[in-house]
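Everything below belongs to run08.cif, which stores mmCIF, C-alpha atoms.
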```cif
data_structure
loop_
_atom_site.label_atom_id
_atom_site.label_comp_id
_atom_site.auth_asym_id
_atom_site.auth_seq_id
_atom_site.Cartn_x
_atom_site.Cartn_y
_atom_site.Cartn_z
CA THR A 783 14.11 8.03 11.16
CA ASP A 784 11.22 6.00 12.54
CA TYR A 785 10.75 2.24 12.68
CA SER A 786 8.22 2.08 9.82
CA ILE A 787 10.45 3.96 7.34
CA ALA A 788 13.54 2.08 8.53
CA SER A 789 11.61 -1.12 7.80
CA ARG A 790 11.40 -0.16 4.12
CA THR A 791 15.21 -0.25 3.73
CA MET A 792 15.47 -4.06 4.16
CA LEU A 793 18.27 -3.37 6.67
CA PHE A 794 16.11 -3.18 9.82
CA ASP A 795 15.75 -5.93 12.42
CA GLN A 796 12.00 -6.09 13.10
CA THR A 797 12.35 -7.76 16.48
CA SER A 798 15.19 -5.73 18.01
CA GLY A 799 14.06 -2.37 16.64
CA ASP A 800 17.51 -1.49 15.33
CA TRP A 801 19.67 -1.94 12.26
CA SER A 802 20.59 -5.56 11.57
CA PRO A 803 24.36 -6.16 11.92
CA ALA A 804 24.12 -9.16 9.58
CA LEU A 805 22.35 -7.23 6.82
CA LEU A 806 24.63 -4.22 7.22
CA ASP A 807 27.64 -6.53 6.89
CA ILE A 808 26.28 -7.98 3.64
CA CYS A 809 25.95 -4.44 2.23
CA GLY A 810 29.29 -3.23 3.56
CA LEU A 811 27.64 -0.54 5.70
CA ALA A 812 28.05 0.56 9.29
CA ALA A 813 25.18 1.56 11.58
CA GLY A 814 26.80 4.98 12.00
CA GLN A 815 26.18 5.69 8.32
CA LEU A 816 22.42 5.42 8.83
CA PRO A 817 20.01 7.56 10.86
CA ARG A 818 19.18 6.30 14.32
CA PRO A 819 15.73 4.61 14.31
CA TYR A 820 13.07 5.54 16.88
CA PRO A 821 9.38 4.66 17.32
CA SER A 822 6.97 6.96 15.48
CA GLY A 823 5.97 9.96 17.55
CA THR A 824 9.30 10.23 19.38
CA VAL A 825 10.64 13.71 20.11
CA VAL A 826 14.17 13.59 18.66
CA GLY A 827 15.12 17.26 18.93
CA HIS A 828 13.93 20.85 18.81
CA VAL A 829 14.05 23.59 16.19
CA THR A 830 17.30 25.49 16.63
CA THR A 831 17.64 29.26 16.47
CA GLN A 832 19.29 29.02 13.05
CA ALA A 833 16.61 26.67 11.71
CA ALA A 834 13.91 28.98 13.09
CA HIS A 835 15.48 31.92 11.23
CA GLU A 836 15.63 29.96 7.96
CA THR A 837 12.15 28.38 8.12
CA GLY A 838 9.97 30.74 10.14
CA LEU A 839 9.23 28.00 12.67
CA ALA A 840 9.34 28.91 16.33
CA ALA A 841 12.62 28.13 18.05
CA GLY A 842 12.22 25.22 20.46
CA THR A 843 9.41 23.58 18.48
CA PRO A 844 9.66 19.80 19.03
CA VAL A 845 10.93 17.74 16.09
CA VAL A 846 9.10 14.40 16.06
CA THR A 847 9.54 11.25 14.00
CA GLY A 848 6.74 10.58 11.51
CA GLY A 849 6.06 7.36 9.64
CA HIS A 850 5.31 5.57 6.39
CA ASP A 851 2.44 7.38 4.64
CA HIS A 852 0.11 4.38 4.36
CA LEU A 853 0.63 3.54 8.04
CA CYS A 854 0.01 7.11 9.19
CA GLY A 855 -3.24 6.92 7.21
CA ALA A 856 -4.02 3.58 8.86
CA LEU A 857 -3.61 5.14 12.31
CA ALA A 858 -5.91 8.03 11.38
CA ALA A 859 -8.49 5.62 9.96
CA GLY A 860 -8.44 3.45 13.07
CA ALA A 861 -6.77 0.45 11.43
CA VAL A 862 -4.91 -0.54 14.58
CA GLU A 863 -6.75 -3.58 15.93
CA THR A 864 -5.54 -7.03 15.02
CA GLY A 865 -7.18 -8.39 11.90
CA ARG A 866 -8.84 -5.21 10.62
CA PHE A 867 -8.28 -4.31 6.99
CA LEU A 868 -7.62 -0.97 5.31
CA ASP A 869 -7.84 -0.31 1.58
CA SER A 870 -5.43 2.59 1.09
CA SER A 871 -5.66 2.87 -2.68
CA GLY A 872 -4.76 5.82 -4.87
CA THR A 873 -2.48 5.73 -7.91
CA ALA A 874 -1.60 2.21 -6.74
CA GLN A 875 -3.60 -0.27 -4.67
CA SER A 876 -2.43 -0.91 -1.10
CA MET A 877 -4.09 -3.26 1.38
CA LEU A 878 -3.07 -3.28 5.03
CA MET A 879 -3.84 -5.48 8.03
CA PRO A 880 -2.46 -4.67 11.51
CA ILE A 881 -1.22 -7.55 13.66
CA GLU A 882 0.40 -7.91 17.09
CA ARG A 883 3.64 -9.66 16.19
CA PHE A 884 6.13 -9.88 13.36
CA HIS A 885 5.53 -12.63 10.79
CA GLY A 886 8.85 -13.34 9.10
CA GLY A 887 9.00 -15.81 6.21
CA GLY A 888 6.41 -18.54 5.82
CA ASP A 889 3.06 -17.97 4.13
CA VAL A 890 3.28 -14.19 4.52
CA PHE A 891 6.39 -13.94 2.39
CA ARG A 892 5.32 -16.68 -0.02
CA ALA A 893 2.31 -14.53 -0.86
CA GLY A 894 4.64 -11.57 -1.43
CA PHE A 895 3.29 -9.57 1.51
CA SER A 896 5.45 -7.21 3.53
CA CYS A 897 5.36 -7.36 7.31
CA TYR A 898 6.88 -4.49 9.26
CA ARG A 899 6.47 -2.06 12.16
CA HIS A 900 3.24 -0.06 12.42
CA VAL A 901 3.47 3.58 13.49
CA LEU A 902 1.51 2.50 16.59
CA ARG A 903 3.85 1.02 19.17
CA GLY A 904 3.48 -2.70 19.74
CA ARG A 905 1.83 -3.32 16.36
CA TYR A 906 3.02 -4.60 13.01
CA MET A 907 1.41 -4.36 9.58
CA ILE A 908 0.95 -6.83 6.77
CA GLN A 909 0.85 -5.03 3.44
CA GLY A 910 0.02 -6.16 -0.08
CA GLY A 911 -1.24 -4.51 -3.21
CA LEU A 912 -1.06 -3.83 -6.91
CA ASN A 913 1.18 -1.28 -8.60
CA THR A 914 -1.71 0.24 -10.52
CA ALA A 915 -5.20 1.31 -9.44
CA GLY A 916 -6.18 4.94 -10.00
CA ALA A 917 -3.48 5.15 -12.67
CA ALA A 918 -5.31 2.47 -14.66
CA LEU A 919 -8.57 4.43 -14.47
CA GLU A 920 -6.77 7.57 -15.66
CA TRP A 921 -5.31 5.57 -18.54
CA VAL A 922 -8.76 4.44 -19.73
CA VAL A 923 -10.17 7.96 -19.37
CA ARG A 924 -7.27 9.38 -21.39
CA LEU A 925 -7.67 6.76 -24.13
CA ALA A 926 -11.35 7.60 -24.31
CA GLY A 927 -10.49 11.20 -25.10
CA GLY A 928 -11.35 12.48 -21.68
CA ASP A 929 -9.43 14.41 -19.03
CA ALA A 930 -9.88 15.27 -15.37
CA THR A 931 -12.82 17.53 -16.20
CA ARG A 932 -14.73 14.64 -17.79
CA PHE A 933 -13.93 11.96 -15.23
CA ASP A 934 -17.37 12.17 -13.59
CA GLU A 935 -19.03 11.83 -16.98
CA LEU A 936 -17.10 8.68 -17.80
CA MET A 937 -17.70 7.24 -14.34
CA ALA A 938 -21.42 7.77 -14.93
CA GLU A 939 -21.10 5.77 -18.15
CA ALA A 940 -19.34 3.00 -16.23
CA GLU A 941 -22.19 2.96 -13.72
CA GLN A 942 -24.71 2.67 -16.54
CA SER A 943 -22.78 -0.32 -17.91
CA GLY A 944 -23.92 -2.26 -14.85
CA PRO A 945 -22.40 -5.20 -12.93
CA GLY A 946 -20.38 -7.45 -15.20
CA ALA A 947 -19.57 -4.61 -17.63
CA ARG A 948 -21.84 -6.23 -20.23
CA GLY A 949 -19.50 -9.18 -20.52
CA VAL A 950 -16.16 -7.34 -20.60
CA GLY A 951 -13.52 -8.54 -18.16
CA CYS A 952 -10.17 -6.97 -17.27
CA LEU A 953 -7.04 -8.44 -15.69
CA PRO A 954 -5.60 -5.19 -14.23
CA CYS A 955 -1.88 -6.07 -14.22
CA PHE A 956 -0.84 -2.91 -16.07
CA ARG A 957 2.49 -2.83 -14.22
CA GLY A 958 2.85 -6.50 -13.45
CA SER A 959 1.31 -8.50 -10.62
CA THR A 960 2.49 -8.14 -7.04
CA THR A 961 0.51 -9.88 -4.28
CA PRO A 962 -0.69 -12.52 -3.69
CA ILE A 963 0.96 -13.73 -6.95
CA ASN A 964 4.23 -11.95 -7.63
CA ASP A 965 4.91 -11.82 -11.37
CA ALA A 966 6.62 -8.70 -12.71
CA ALA A 967 6.20 -10.03 -16.27
CA ALA A 968 2.39 -10.24 -15.99
CA ARG A 969 0.46 -7.92 -18.30
CA ALA A 970 -3.07 -6.55 -18.35
CA ALA A 971 -5.75 -7.94 -20.66
CA PHE A 972 -9.33 -7.25 -21.70
CA VAL A 973 -11.54 -10.20 -22.64
CA GLY A 974 -15.03 -10.42 -24.07
CA LEU A 975 -14.82 -7.22 -26.13
CA HIS A 976 -17.37 -6.71 -28.89
CA LEU A 977 -18.05 -3.86 -31.31
CA SER A 978 -21.15 -3.05 -29.30
CA HIS A 979 -19.08 -2.21 -26.21
CA GLY A 980 -18.23 1.36 -25.29
CA ARG A 981 -15.75 3.19 -23.12
CA GLY A 982 -18.05 2.93 -20.11
CA ASP A 983 -17.90 -0.86 -20.36
CA MET A 984 -14.10 -0.82 -20.48
CA LEU A 985 -13.84 1.55 -17.52
CA ARG A 986 -16.32 -0.59 -15.58
CA ALA A 987 -14.26 -3.70 -16.39
CA VAL A 988 -11.12 -2.08 -14.99
CA ILE A 989 -12.93 -1.04 -11.80
CA GLU A 990 -14.34 -4.55 -11.32
CA GLY A 991 -10.95 -6.12 -12.09
CA LEU A 992 -9.36 -3.99 -9.38
CA ALA A 993 -12.15 -4.95 -6.97
CA TYR A 994 -11.56 -8.65 -7.63
CA TYR A 995 -7.83 -8.14 -7.15
CA LEU A 996 -8.52 -6.41 -3.84
CA ARG A 997 -10.72 -9.31 -2.77
CA SER A 998 -8.06 -11.90 -3.63
CA ASN A 999 -5.55 -10.03 -1.47
CA LEU A 1000 -7.95 -9.75 1.46
CA GLU A 1001 -8.77 -13.46 1.32
CA ARG A 1002 -5.07 -14.36 1.25
CA MET A 1003 -4.31 -11.98 4.12
CA ALA A 1004 -7.05 -13.60 6.19
CA GLN A 1005 -5.35 -16.96 5.60
CA VAL A 1006 -1.86 -15.87 6.68
CA GLY A 1007 -2.88 -13.60 9.57
CA PRO A 1008 -5.64 -13.40 12.20
CA ALA A 1009 -8.69 -11.65 10.72
CA ALA A 1010 -11.16 -10.01 13.09
CA PRO A 1011 -14.73 -11.37 12.82
CA GLY A 1012 -16.97 -9.21 10.64
CA HIS A 1013 -14.14 -7.38 8.90
CA MET A 1014 -13.87 -9.46 5.72
#
```

Encoding of this model in structure tokens:
Amino acid sequence: TDYSIASRTMLFDQTSGDWSPALLDICGLAAGQLPRPYPSGTVVGHVTTQAAHETGLAAGTPVVTGGHDHLCGALAAGAVETGRFLDSSGTAQSMLMPIERFHGGGDVFRAGFSCYRHVLRGRYMIQGGLNTAGAALEWVVRLAGGDATRFDELMAEAEQSGPGARGVGCLPCFRGSTTPINDAAARAAFVGLHLSHGRGDMLRAVIEGLAYYLRSNLERMAQVGPAAPGHM
């Protein structure tokens, strides 16, 4: 496995780059029961003759460690310099900020952020987010009687609603709140609804709620880690 995936197990020592004896002891595990961690991009073997026969891959093809999906995307997007931000949102919302050293405990953890190895050697990543983003938009579209084929139509209605969603606000904690306020019991809410409002207003409110949530995470990240000038 690679350092970034090993980091997600909560058994990895971020400074030594190996499994933590103390954490393994707590869990009753031995390092030999886990895959050996390597930096991302390390050649760890080659396709054997048997594997080539079973997969169609060429024998001798290098087998290389990969990485956590968000961090591979961050590398491709150029989010490698200290203090830059990447919004890697899809079904859920994920915000990432690369840094040069590991931040364990302190303000980073109090805000609920993760800090772990980047796929780029010599870099770490601070990550925060919300469990729902695109999934919340799909939910509103589905409630409004739409499907994937009508998504553009409903998004056009949200655009026509205009900034402020004609007074409708949305707290987008559809699966609880994560960072920078960790509250699994938190629930979503719409405020300001009136009989004159339509589905475009509600969709717009969700989009704006997610944007505000993104902003709150970015501001908190800038407080706990070094933000590059001009990237807020």

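Using all atoms listed in the file, the contacts of Arg1002 (chain A) at a cut-off of 10 Å, with sequence neighbours closer than 5 positions omitted, comprise Asp889, Val890, Ala893, Phe895, Gly910, Thr961, Pro962, Arg997 and Gly1007 of chain A.
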
### Task
For Ser789 (chain A), please output as a ChimeraX atom specification all residues within 12 Å (counting all atoms listed in the file; exclusion window: fewer than 2 positions along the same chain).
/A:783-787,791-802,819-821,849-850,853,884,896-901,906-907

### Task
Might you pull out every residue within 10 Å of Arg969 (chain A), with all atoms listed in the file counted and same-chain residues fewer than 3 positions away left off, and present them as a count of residues only?
9

### Message
Taking 2 positions as the minimum chain separation for residues in the same chain, which residues sit within 6 Å of region 822-828 of chain A when counting only C-alpha atoms? Answer as a PyMOL selection string.
### Response
chain A and resi 784+842-849+901

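Take CA of Leu811 (chain A) and CA of Cys854 (chain A): the distance between them is 28.9 Å.
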
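Here CA of Ala858 (chain A) stands at a distance of 20.5 Å from CA of Leu1000 (chain A).
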
### Summary
CA of Tyr994 (chain A) to CA of Glu882 (chain A) measures 27.5 Å

### Message
Applying the PyMOL selection byres ((chain A and resi 915-925) around 9) to the file I just gave you, which residues come out? Please list them as number ranges by chain.
### Response
A: 871-875, 912-914, 926-930, 932-933, 936, 954, 956, 981, 984-985, 988-989, 992

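Nearest residue to Leu996 (chain A) among A:Leu878, A:Cys809, A:Leu975, A:Leu857 is A:Leu878, counting only C-alpha atoms.
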
### Task
Identify, on the basis of all atoms listed in the file, every residue whose closest approach to Gly951 (chain A) does not exceed 6 Å; exclude the query and any residue fewer than 5 positions from it along the same chain; express the result as an MDAnalysis selection string.
chainID A and resid 972:973 987

Store the residues picked out above, limited to C-alpha atoms, as a compact mmCIF listing (two decimals), in the frame of the given file.
```txt
# COMPACT_ATOMS: atom_id res chain seq x y z
CA PHE A 972 -9.33 -7.25 -21.70
CA VAL A 973 -11.54 -10.20 -22.64
CA ALA A 987 -14.26 -3.70 -16.39
```

#### Entry: Ref. answer, residues at most 12 Å from (-20.9, -9.4, -17.6) with only C-alpha atoms, as a list in words
Ser943, Gly944, Pro945, Gly946, Ala947, Arg948, Gly949, Val950, Gly951, Cys952, Val973, Gly974, Leu975, His979, Asp983, Met984, Arg986, Ala987, Glu990 and Gly991 of chain A

Restricted to C-alpha atoms, what would the selected residues look like written as a compact mmCIF listing (two decimals), in the coordinates of the input?
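File selection03.txt, as written:
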```
# COMPACT_ATOMS: atom_id res chain seq x y z
CA SER A 943 -22.78 -0.32 -17.91
CA GLY A 944 -23.92 -2.26 -14.85
CA PRO A 945 -22.40 -5.20 -12.93
CA GLY A 946 -20.38 -7.45 -15.20
CA ALA A 947 -19.57 -4.61 -17.63
CA ARG A 948 -21.84 -6.23 -20.23
CA GLY A 949 -19.50 -9.18 -20.52
CA VAL A 950 -16.16 -7.34 -20.60
CA GLY A 951 -13.52 -8.54 -18.16
CA CYS A 952 -10.17 -6.97 -17.27
CA VAL A 973 -11.54 -10.20 -22.64
CA GLY A 974 -15.03 -10.42 -24.07
CA LEU A 975 -14.82 -7.22 -26.13
CA HIS A 979 -19.08 -2.21 -26.21
CA ASP A 983 -17.90 -0.86 -20.36
CA MET A 984 -14.10 -0.82 -20.48
CA ARG A 986 -16.32 -0.59 -15.58
CA ALA A 987 -14.26 -3.70 -16.39
CA GLU A 990 -14.34 -4.55 -11.32
CA GLY A 991 -10.95 -6.12 -12.09
```

I need the residue set behind the PyMOL selection byres ((chain A and resi 863) around 9) for this file; please write it as a PDB file with C-alpha atoms, keeping the file's coordinate frame.
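Dumped everything to expr-v3.pdb:
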```
ATOM      1  CA  GLY A 860      -8.440   3.450  13.070  1.00  0.00           C
ATOM      2  CA  ALA A 861      -6.770   0.450  11.430  1.00  0.00           C
ATOM      3  CA  VAL A 862      -4.910  -0.540  14.580  1.00  0.00           C
ATOM      4  CA  THR A 864      -5.540  -7.030  15.020  1.00  0.00           C
ATOM      5  CA  GLY A 865      -7.180  -8.390  11.900  1.00  0.00           C
ATOM      6  CA  ARG A 866      -8.840  -5.210  10.620  1.00  0.00           C
ATOM      7  CA  MET A 879      -3.840  -5.480   8.030  1.00  0.00           C
ATOM      8  CA  PRO A 880      -2.460  -4.670  11.510  1.00  0.00           C
ATOM      9  CA  ILE A 881      -1.220  -7.550  13.660  1.00  0.00           C
ATOM     10  CA  GLU A 882       0.400  -7.910  17.090  1.00  0.00           C
ATOM     11  CA  ARG A 905       1.830  -3.320  16.360  1.00  0.00           C
ATOM     12  CA  ALA A1010     -11.160 -10.010  13.090  1.00  0.00           C
TER      13      ALA A1010
END
```
